[in-house]
Amino acid sequence: MTKTLVSYTTEIDDAQLAVEQIKSQLNIETGLLKNSIGIVACHYEFVMSGIAQAVGNSLPFDVVGTISTSQSIGEHTDTLILTVMVITSDDVEFVKVLTPSLLSEPGSVIAESYKEAAAARKEKPALIFAFAPFMVQNSGDEYVSVISEASGGAPCFGTLAVDDTEDFSNCFLLCNGEYYQDRMTMVLAYGNLSPKFYIANISPERVISKGAIITKSAGHVIMDVNGRPVDTFFEDMGLAKASEQQYSMSHLPFLLDYNDGTPQVSKIFISLTPERYGLCAGAVPEGSTLYIAKSDRDDVLLTTGQAVQKILHDMEGASGLLIYSCISRSLTLGLDQYGEMNFVNERMAAKLPFMMACAGGEICPTETSEDKAINRFHNNAFVACLF
């Protein structure tokens with residue numbers, strides 16, 4: 001048996017009161033089964049005030065997650081809110097691992113940390129939750145690739161932190177009352193768990209460019225497109241001025257076709273580098289085909305609605321739902337910052353416990369099979385894990 005509990009607090013000054021509110025809603029004394037894991041999301045002000053640490057230290061199980069710009073557990077949606085989802089089970093076990101610093105050789109660090117955590121098990125995890133801070137110098141795609149290889153293709157779901165500072169200085173990873181700017185945590189779930197995954201990014205009809213081949217790139221930096229400098233590609237598209245300002249093209253996500261038969265993945269352009277290369281929020285491999293699309297409020301809600309409809313169709317027997325949505329989708333909503341979260345809540349209508357938070361990058365499989373999952377790192381995406 002597996003069940004999901006959700007809780008929240010808006011108390012940002014009184015740690016004792018915040019802890020009491022969280023514990024009361026989770027019914028800690030009698031509501032837990034044999035094994036439990038907590039997943040947290042909150043604004044960084046809860047770290048600065050000590051509330052996140054107090055909550056993480058007070059709960060009798062591992063509590064992991066990230067900073068976010070807005071969170072929701074249904075009708076309780078806000079920026080200055082701390083939310084905790086607890087998955088508790090008699091037949092699923094959770095193994096938590098916290099990596100050393102990712103400032104040097106992040107791939108090797110993640111691989112070794114995973115192998116150490118999984119060493120006592122012969123079988124693959126049924127699900128891996130992964131959480132990390134946003135680090136400009138590192139690639140979320142590398143994180144996902146390494147986890148996929150180390151695990152033999154176990155499905156991986158999670159997020160990178162995102163904050164509302166100009167320089168992303170408070171994009172913390174949260175783990176058991178501590179916070180970090182350079183570490184990742186993974187939770188390996190073993191046992192009777194059959195997760196399903198859902199992705200929404202942008203409607204195919206919103207593509208506004210012909211396909212262009214990325215002919216030179218390095219990690220998450222595009223240098224040449226169709227054999228020409230990327231800045232001239234932007235000029236041809238009438239985007240020269242927009243490309244000069246950070247995140248000014250957040251409503252113009254890229255769709256990448258890896259040309260390997262897997263679904264397209266969305267990426268966000270951040271800015272031009274001093275060399276006038278295109279800096280993106282995810283890897284942009286050479287040989288992939290790039291399309292530019294145009295997003296707006298209607299399309300965000302349309303694509304989210306399509307994903308939610310599938311979830312509602314599949315939810316029989318499920319115990320909970322975890323959702324992350326790229327901050328670029330929130331920005332596209334303009335003044336209606338919580339529009340997507342409220343939209344989800346209206347359609348879920350208390351049918352299933354869920355938690356939703358904004359993301360600085362989304363980790364979710366695009367395909368799964370009995371043998372392995374095709375895990376991807378996304379931008380501009382709404383991703384959901386039904387379990």
# chains A, B, ... in the order shown; residues from 1 in each chain; ligands from 1

$ select_by_dssp --residues "region 48-225 of chain A" --states "alpha helix (DSSP H)" --output "PyMOL selection string"
chain A and resi 48+51-58+106-118+140-151

$ residues_around --residues "region 293-297 of chain A" --least-positions-apart "3" --cutoff "8 Å" --atoms "only C-alpha atoms" --output "list in words"
Ile202, Arg206, Val207, Ile208, Ser209, His251, Leu252, Pro253, Phe254, Leu255, Val300, Leu301, Thr332, Leu333 and Gly334 of chain A

$ residues_around --residues "Glu275 (chain A)" --least-positions-apart "4" --cutoff "12 Å" --atoms "only C-alpha atoms" --output "count of residues only"
9

$ residues_around --residues "region 91-106 of chain A" --least-positions-apart "5" --cutoff "6 Å" --atoms "only C-alpha atoms" --output "ChimeraX atom specification"
/A:35,113,182-192

$ closest_residue --among "A:Ala52, A:Ala373, A:Ala283, A:Leu174" --to "Ile128 (chain A)" --atoms "only C-alpha atoms"
A:Ala373

$ residues_around --residues "Val225 (chain A)" --least-positions-apart "6" --cutoff "7 Å" --atoms "only C-alpha atoms" --output "list in words"
Ala212, Ile213, Ile214, Thr215, Lys216 and Phe233 of chain A

$ write_last_selection --atoms "N, CA, C and O atoms" --output "short mmCIF file (atom, residue, chain, number, x, y, z; two decimals), in the first residue's frame"
data_model
loop_
_atom_site.label_atom_id
_atom_site.label_comp_id
_atom_site.auth_asym_id
_atom_site.auth_seq_id
_atom_site.Cartn_x
_atom_site.Cartn_y
_atom_site.Cartn_z
N ALA A 212 16.21 24.06 -38.70
CA ALA A 212 17.59 24.47 -38.96
C ALA A 212 18.52 23.51 -38.22
O ALA A 212 18.24 23.12 -37.08
N ILE A 213 19.60 23.12 -38.85
CA ILE A 213 20.53 22.16 -38.26
C ILE A 213 21.57 22.88 -37.40
O ILE A 213 22.19 23.87 -37.84
N ILE A 214 21.74 22.42 -36.17
CA ILE A 214 22.81 22.95 -35.33
C ILE A 214 24.11 22.32 -35.79
O ILE A 214 24.33 21.12 -35.63
N THR A 215 24.96 23.12 -36.39
CA THR A 215 26.18 22.60 -37.01
C THR A 215 27.42 22.74 -36.12
O THR A 215 28.45 22.11 -36.39
N LYS A 216 27.33 23.56 -35.10
CA LYS A 216 28.44 23.65 -34.15
C LYS A 216 27.90 24.07 -32.80
O LYS A 216 27.18 25.07 -32.68
N PHE A 233 21.65 33.86 -37.65
CA PHE A 233 20.38 33.12 -37.71
C PHE A 233 19.28 33.92 -37.02
O PHE A 233 18.16 34.04 -37.53
#

$ closest_atom_pairs --of "region 212-273 of chain A" --to "region 311-329 of chain A" --cutoff "12 Å" --atoms "only C-alpha atoms" --output "Markdown table"
| residue | atom | partner | partner_atom | distance |
| --- | --- | --- | --- | --- |
| A:Tyr247 | CA | A:Ser328 | CA | 8.7 |
| A:Ser248 | CA | A:Ser328 | CA | 10.4 |
| A:Met249 | CA | A:Ser328 | CA | 9.6 |
| A:Ser250 | CA | A:Ser328 | CA | 5.8 |
| A:His251 | CA | A:Ser328 | CA | 7.1 |
| A:Leu252 | CA | A:Ser328 | CA | 9.6 |
| A:Pro253 | CA | A:Ser328 | CA | 8.9 |
| A:Ser266 | CA | A:Cys326 | CA | 10.5 |
| A:Lys267 | CA | A:Ser328 | CA | 10.3 |
| A:Ile268 | CA | A:Ser328 | CA | 8.1 |
| A:Phe269 | CA | A:Ser328 | CA | 10.5 |
| A:Ile270 | CA | A:Ser328 | CA | 10.7 |

$ write_last_selection --atoms "C-alpha atoms" --output "PDB file, in the first residue's frame"
ATOM      1  CA  TYR A 247      15.526  35.766 -21.122  1.00  0.00           C
ATOM      2  CA  SER A 248      13.798  38.224 -23.472  1.00  0.00           C
ATOM      3  CA  MET A 249      13.008  35.273 -25.759  1.00  0.00           C
ATOM      4  CA  SER A 250      11.462  33.110 -23.024  1.00  0.00           C
ATOM      5  CA  HIS A 251       8.166  33.134 -24.961  1.00  0.00           C
ATOM      6  CA  LEU A 252      10.025  31.778 -28.017  1.00  0.00           C
ATOM      7  CA  PRO A 253      11.146  28.294 -26.941  1.00  0.00           C
ATOM      8  CA  SER A 266      11.934  22.058 -25.625  1.00  0.00           C
ATOM      9  CA  LYS A 267      14.849  24.311 -24.662  1.00  0.00           C
ATOM     10  CA  ILE A 268      15.010  27.974 -23.637  1.00  0.00           C
ATOM     11  CA  PHE A 269      17.423  30.576 -25.043  1.00  0.00           C
ATOM     12  CA  ILE A 270      18.985  32.612 -22.220  1.00  0.00           C
TER      13      ILE A 270
END

$ residues_around --residues "Phe131 (chain A)" --least-positions-apart "5" --cutoff "12 Å" --atoms "only C-alpha atoms" --output "MDAnalysis selection string"
chainID A and resid 39:41 63:68 96:99 110 140 143:144 147 156:162 171:175 179:188 324 359:364

$ atom_distance --atom1 "CA of Asp164 (chain A)" --atom2 "CA of Pro274 (chain A)"
24.0 Å

$ closest_residue --among "A:Gly282, A:Tyr198, A:Arg376, A:Ser369" --to "Ala126 (chain A)" --atoms "only C-alpha atoms"
A:Ser369

$ atom_distance --atom1 "CA of Thr289 (chain A)" --atom2 "CA of Leu331 (chain A)"
25.7 Å

$ closest_residue --among "A:Ser217, A:Asn259, A:Thr303, A:Leu352" --to "Tyr277 (chain A)" --atoms "only C-alpha atoms"
A:Ser217

$ decode --residues "region 212-229 of chain A" --atoms "N, CA and C atoms" --output "short mmCIF file (atom, residue, chain, number, x, y, z; two decimals), in the first residue's frame"
data_model
loop_
_atom_site.label_atom_id
_atom_site.label_comp_id
_atom_site.auth_asym_id
_atom_site.auth_seq_id
_atom_site.Cartn_x
_atom_site.Cartn_y
_atom_site.Cartn_z
N ALA A 212 16.21 24.06 -38.70
CA ALA A 212 17.59 24.47 -38.96
C ALA A 212 18.52 23.51 -38.22
N ILE A 213 19.60 23.12 -38.85
CA ILE A 213 20.53 22.16 -38.26
C ILE A 213 21.57 22.88 -37.40
N ILE A 214 21.74 22.42 -36.17
CA ILE A 214 22.81 22.95 -35.33
C ILE A 214 24.11 22.32 -35.79
N THR A 215 24.96 23.12 -36.39
CA THR A 215 26.18 22.60 -37.01
C THR A 215 27.42 22.74 -36.12
N LYS A 216 27.33 23.56 -35.10
CA LYS A 216 28.44 23.65 -34.15
C LYS A 216 27.90 24.07 -32.80
N SER A 217 28.23 23.30 -31.77
CA SER A 217 27.78 23.61 -30.42
C SER A 217 28.74 23.00 -29.41
N ALA A 218 28.61 23.44 -28.18
CA ALA A 218 29.39 22.88 -27.08
C ALA A 218 28.50 22.89 -25.84
N GLY A 219 28.03 21.71 -25.45
CA GLY A 219 27.14 21.64 -24.29
C GLY A 219 25.86 22.40 -24.53
N HIS A 220 25.63 23.46 -23.74
CA HIS A 220 24.41 24.24 -23.88
C HIS A 220 24.66 25.58 -24.59
N VAL A 221 25.70 25.61 -25.45
CA VAL A 221 26.02 26.81 -26.22
C VAL A 221 25.94 26.49 -27.71
N ILE A 222 25.10 27.25 -28.44
CA ILE A 222 25.02 27.11 -29.90
C ILE A 222 25.98 28.10 -30.54
N MET A 223 26.82 27.60 -31.42
CA MET A 223 27.76 28.47 -32.12
C MET A 223 27.33 28.74 -33.56
N ASP A 224 27.03 27.67 -34.29
CA ASP A 224 26.63 27.81 -35.69
C ASP A 224 25.32 27.07 -35.94
N VAL A 225 24.50 27.66 -36.81
CA VAL A 225 23.26 27.05 -37.27
C VAL A 225 23.29 27.07 -38.80
N ASN A 226 23.07 25.92 -39.41
CA ASN A 226 23.14 25.81 -40.88
C ASN A 226 24.48 26.31 -41.41
N GLY A 227 25.55 26.10 -40.63
CA GLY A 227 26.88 26.48 -41.07
C GLY A 227 27.19 27.96 -40.95
N ARG A 228 26.31 28.73 -40.30
CA ARG A 228 26.51 30.17 -40.13
C ARG A 228 26.44 30.53 -38.65
N PRO A 229 27.07 31.63 -38.23
CA PRO A 229 27.01 32.03 -36.82
C PRO A 229 25.56 32.16 -36.34
#
